file protein09.txt (compact mmCIF, C-alpha atoms)
# COMPACT_ATOMS: atom_id res chain seq x y z
CA MET A 1 -11.40 31.98 16.35
CA GLU A 2 -7.88 30.65 15.86
CA LEU A 3 -7.58 27.33 14.06
CA GLN A 4 -4.71 24.92 14.42
CA LEU A 5 -3.63 22.78 11.48
CA THR A 6 -2.77 19.20 12.39
CA SER A 7 -2.10 16.00 10.50
CA THR A 8 -2.16 12.31 11.23
CA ARG A 9 -0.11 9.86 9.25
CA THR A 10 -2.27 7.02 7.97
CA SER A 11 -1.41 4.23 5.64
CA ALA A 12 -3.03 3.34 2.37
CA THR A 13 -2.75 -0.21 1.16
CA VAL A 14 -1.09 -0.52 -2.23
CA GLU A 15 -1.24 -3.68 -4.33
CA ARG A 16 0.71 -4.26 -7.51
CA ILE A 17 -1.08 -6.61 -9.88
CA ALA A 18 1.18 -8.14 -12.52
CA LEU A 19 0.70 -10.58 -15.35
CA LEU A 20 3.72 -12.76 -16.08
CA ASP A 21 4.57 -14.79 -19.15
CA ARG A 22 5.81 -18.40 -19.03
CA THR A 23 9.37 -17.27 -18.34
CA GLY A 24 8.28 -15.14 -15.37
CA ALA A 25 8.76 -11.84 -17.19
CA CYS A 26 6.20 -9.15 -16.43
CA VAL A 27 4.16 -8.30 -19.53
CA GLY A 28 1.70 -5.97 -17.80
CA SER A 29 0.95 -4.48 -14.42
CA CYS A 30 -1.09 -1.93 -12.52
CA TYR A 31 -1.35 -0.55 -9.01
CA LEU A 32 -4.44 -0.55 -6.85
CA ILE A 33 -4.47 1.84 -3.90
CA PHE A 34 -7.05 1.39 -1.14
CA ILE A 35 -7.99 4.42 0.94
CA THR A 36 -10.47 4.50 3.80
CA ASN A 37 -12.31 7.70 4.62
CA ARG A 38 -15.47 8.56 6.55
CA HIS A 39 -17.63 6.97 3.81
CA GLY A 40 -15.78 3.67 3.67
CA THR A 41 -13.01 2.34 1.45
CA TYR A 42 -12.42 3.30 -2.15
CA ALA A 43 -9.75 2.28 -4.64
CA ILE A 44 -7.59 4.17 -7.09
CA LEU A 45 -6.39 2.30 -10.17
CA GLU A 46 -3.03 3.64 -11.32
CA ASP A 47 -0.36 3.06 -13.90
CA VAL A 48 -1.99 0.35 -16.01
CA PHE A 49 0.81 -0.65 -18.34
CA VAL A 50 1.26 -3.39 -20.92
CA GLU A 51 4.55 -3.99 -22.67
CA PRO A 52 4.28 -2.69 -26.26
CA THR A 53 5.08 -6.13 -27.71
CA HIS A 54 2.10 -7.61 -25.83
CA ARG A 55 -0.57 -4.99 -26.52
CA GLY A 56 -3.81 -5.94 -28.24
CA ARG A 57 -4.01 -9.32 -26.51
CA GLY A 58 -6.43 -8.42 -23.71
CA ILE A 59 -3.76 -8.11 -21.04
CA GLY A 60 -4.83 -4.61 -19.96
CA THR A 61 -8.45 -5.74 -19.79
CA ARG A 62 -7.47 -8.71 -17.68
CA LEU A 63 -5.50 -6.47 -15.29
CA VAL A 64 -8.36 -3.99 -14.88
CA LYS A 65 -10.92 -6.75 -14.34
CA GLU A 66 -8.69 -8.25 -11.65
CA ALA A 67 -8.34 -4.82 -10.01
CA VAL A 68 -12.13 -4.40 -10.01
CA ARG A 69 -12.53 -7.90 -8.55
CA ARG A 70 -10.12 -7.07 -5.74
CA ALA A 71 -11.84 -3.74 -5.04
CA ARG A 72 -15.19 -5.51 -4.79
CA GLN A 73 -13.65 -8.15 -2.55
CA ARG A 74 -12.48 -5.35 -0.22
CA ARG A 75 -16.01 -3.87 -0.36
CA CYS A 76 -14.91 -0.60 -1.92
CA TYR A 77 -17.73 1.80 -2.70
CA THR A 78 -16.01 3.05 -5.88
CA ILE A 79 -12.88 2.66 -7.96
CA LEU A 80 -11.27 5.68 -9.60
CA ALA A 81 -9.11 5.53 -12.72
CA THR A 82 -7.46 8.64 -14.11
CA VAL A 83 -6.98 9.04 -17.85
CA ASN A 84 -5.45 11.88 -19.79
CA LYS A 85 -8.26 13.54 -21.78
CA HIS A 86 -5.91 13.69 -24.78
CA HIS A 87 -6.20 9.89 -25.05
CA PRO A 88 -9.87 9.42 -26.02
CA HIS A 89 -9.21 5.80 -27.09
CA LEU A 90 -8.27 5.00 -23.47
CA ILE A 91 -11.38 6.74 -22.16
CA ARG A 92 -13.49 4.60 -24.50
CA TRP A 93 -11.59 1.48 -23.38
CA TYR A 94 -12.34 2.21 -19.71
CA GLU A 95 -15.98 2.91 -20.60
CA LYS A 96 -16.20 -0.55 -22.24
CA LEU A 97 -15.02 -1.95 -18.91
CA GLY A 98 -17.85 -0.17 -17.07
CA PHE A 99 -16.17 3.06 -15.96
CA ILE A 100 -18.13 6.31 -16.27
CA PRO A 101 -16.44 9.67 -16.88
CA LYS A 102 -17.14 12.04 -13.98
CA GLY A 103 -15.65 15.51 -13.79
CA GLU A 104 -12.02 16.25 -14.39
CA ALA A 105 -8.95 15.59 -12.34
CA LEU A 106 -6.89 18.56 -11.21
CA TRP A 107 -3.10 18.34 -11.01
CA LEU A 108 -0.37 20.45 -9.45
CA ASP A 109 3.07 19.52 -10.74
CA LEU A 110 5.71 19.81 -8.03
call {"tool": "encode", "arguments": {"input": "protein09.txt", "output": "structure tokens"}}
result
Amino acid sequence: MELQLTSTRTSATVERIALLDRTGACVGSCYLIFITNRHGTYAILEDVFVEPTHRGRGIGTRLVKEAVRRARQRRCYTILATVNKHHPHLIRWYEKLGFIPKGEALWLDL
């Protein structure tokens, strides 16, 4: 049996969530990517970043909680956050926010 490889271009929805200070400067942000597959819609939380001068003030927590709120609002069945295993303090931080470690991510640098 000969198989033919085909592809269809689909679009994922990407939202950037940012927290601004009183001057309008961004002090933290993250990206939330929504992907729909045969099971429904899930979200990927990416690039959570807080400016070094603003860390320790709950900004990252606020960003993640807003991302989770938006994923629930879109009726996602899960939200995935990737964390480098060499940063155990970040893994613990995500766990405090309700995330559960499952498996390992695999990467192929291009």
call {"tool": "residues_around", "arguments": {"input": "protein09.txt", "residues": "Val27 in chain A", "least_positions_apart": "6", "cutoff": "8 Å", "atoms": "all atoms listed in the file", "output": "number ranges by chain"}}
result
A: 18-21, 50-51, 54
call {"tool": "residues_around", "arguments": {"input": "protein09.txt", "residues": "Ala105 in chain A", "least_positions_apart": "4", "cutoff": "12 Å", "atoms": "only C-alpha atoms", "output": "PyMOL selection string"}}
result
chain A and resi 80-85+101
call {"tool": "residues_around", "arguments": {"input": "protein09.txt", "residues": "range 31-48 of chain A", "least_positions_apart": "6", "cutoff": "6 Å", "atoms": "all atoms listed in the file", "output": "list in words"}}
result
Ala12, Thr13, Val14, Glu15, Arg16, Cys76, Tyr77, Thr78, Ile79, Leu80 and Ala81 of chain A
call {"tool": "axis_aligned_box", "arguments": {"input": "protein09.txt", "around": "range 15-27 of chain A", "padding_each_side": "4 Å", "output": "JSON"}}
result
{"center_x": 4.1, "center_y": -11.0, "center_z": -11.9, "size_x": 18.6, "size_y": 22.7, "size_z": 23.2}
call {"tool": "build_atoms", "arguments": {"input": "protein09.txt", "residues": "range 3-25 of chain A", "atoms": "N, CA and C atoms", "output": "compact mmCIF listing (two decimals), keeping the file's coordinate frame"}}
result
# COMPACT_ATOMS: atom_id res chain seq x y z
N LEU A 3 -7.55 28.74 14.44
CA LEU A 3 -7.58 27.33 14.06
C LEU A 3 -6.16 26.78 14.02
N GLN A 4 -6.01 25.56 14.43
CA GLN A 4 -4.71 24.92 14.42
C GLN A 4 -4.72 23.80 13.39
N LEU A 5 -3.75 23.82 12.51
CA LEU A 5 -3.63 22.78 11.48
C LEU A 5 -2.87 21.60 12.07
N THR A 6 -3.41 20.41 11.88
CA THR A 6 -2.77 19.20 12.39
C THR A 6 -2.86 18.11 11.33
N SER A 7 -2.03 17.11 11.45
CA SER A 7 -2.10 16.00 10.50
C SER A 7 -1.83 14.70 11.24
N THR A 8 -2.37 13.65 10.69
CA THR A 8 -2.16 12.31 11.23
C THR A 8 -1.69 11.43 10.09
N ARG A 9 -0.62 10.75 10.30
CA ARG A 9 -0.11 9.86 9.25
C ARG A 9 -0.94 8.57 9.26
N THR A 10 -1.52 8.27 8.13
CA THR A 10 -2.27 7.02 7.97
C THR A 10 -1.59 6.22 6.88
N SER A 11 -2.01 5.03 6.70
CA SER A 11 -1.41 4.23 5.64
C SER A 11 -2.49 3.78 4.67
N ALA A 12 -2.17 3.89 3.42
CA ALA A 12 -3.03 3.34 2.37
C ALA A 12 -2.41 2.00 1.98
N THR A 13 -3.24 1.08 1.62
CA THR A 13 -2.75 -0.21 1.16
C THR A 13 -2.55 -0.13 -0.35
N VAL A 14 -1.40 -0.54 -0.80
CA VAL A 14 -1.09 -0.52 -2.23
C VAL A 14 -0.81 -1.95 -2.68
N GLU A 15 -1.49 -2.36 -3.74
CA GLU A 15 -1.24 -3.68 -4.33
C GLU A 15 -0.76 -3.49 -5.76
N ARG A 16 0.27 -4.22 -6.12
CA ARG A 16 0.71 -4.26 -7.51
C ARG A 16 0.19 -5.57 -8.09
N ILE A 17 -0.55 -5.44 -9.18
CA ILE A 17 -1.08 -6.61 -9.88
C ILE A 17 -0.25 -6.76 -11.15
N ALA A 18 0.33 -7.93 -11.35
CA ALA A 18 1.18 -8.14 -12.52
C ALA A 18 0.76 -9.41 -13.23
N LEU A 19 0.95 -9.41 -14.53
CA LEU A 19 0.70 -10.58 -15.35
C LEU A 19 2.06 -11.01 -15.94
N LEU A 20 2.42 -12.25 -15.66
CA LEU A 20 3.72 -12.76 -16.08
C LEU A 20 3.57 -13.75 -17.23
N ASP A 21 4.58 -13.78 -18.09
CA ASP A 21 4.57 -14.79 -19.15
C ASP A 21 5.16 -16.10 -18.61
N ARG A 22 5.33 -17.08 -19.47
CA ARG A 22 5.81 -18.40 -19.03
C ARG A 22 7.21 -18.37 -18.45
N THR A 23 8.00 -17.37 -18.84
CA THR A 23 9.37 -17.27 -18.34
C THR A 23 9.44 -16.49 -17.02
N GLY A 24 8.31 -15.94 -16.60
CA GLY A 24 8.28 -15.14 -15.37
C GLY A 24 8.48 -13.66 -15.61
N ALA A 25 8.60 -13.26 -16.87
CA ALA A 25 8.76 -11.84 -17.19
C ALA A 25 7.42 -11.13 -17.10
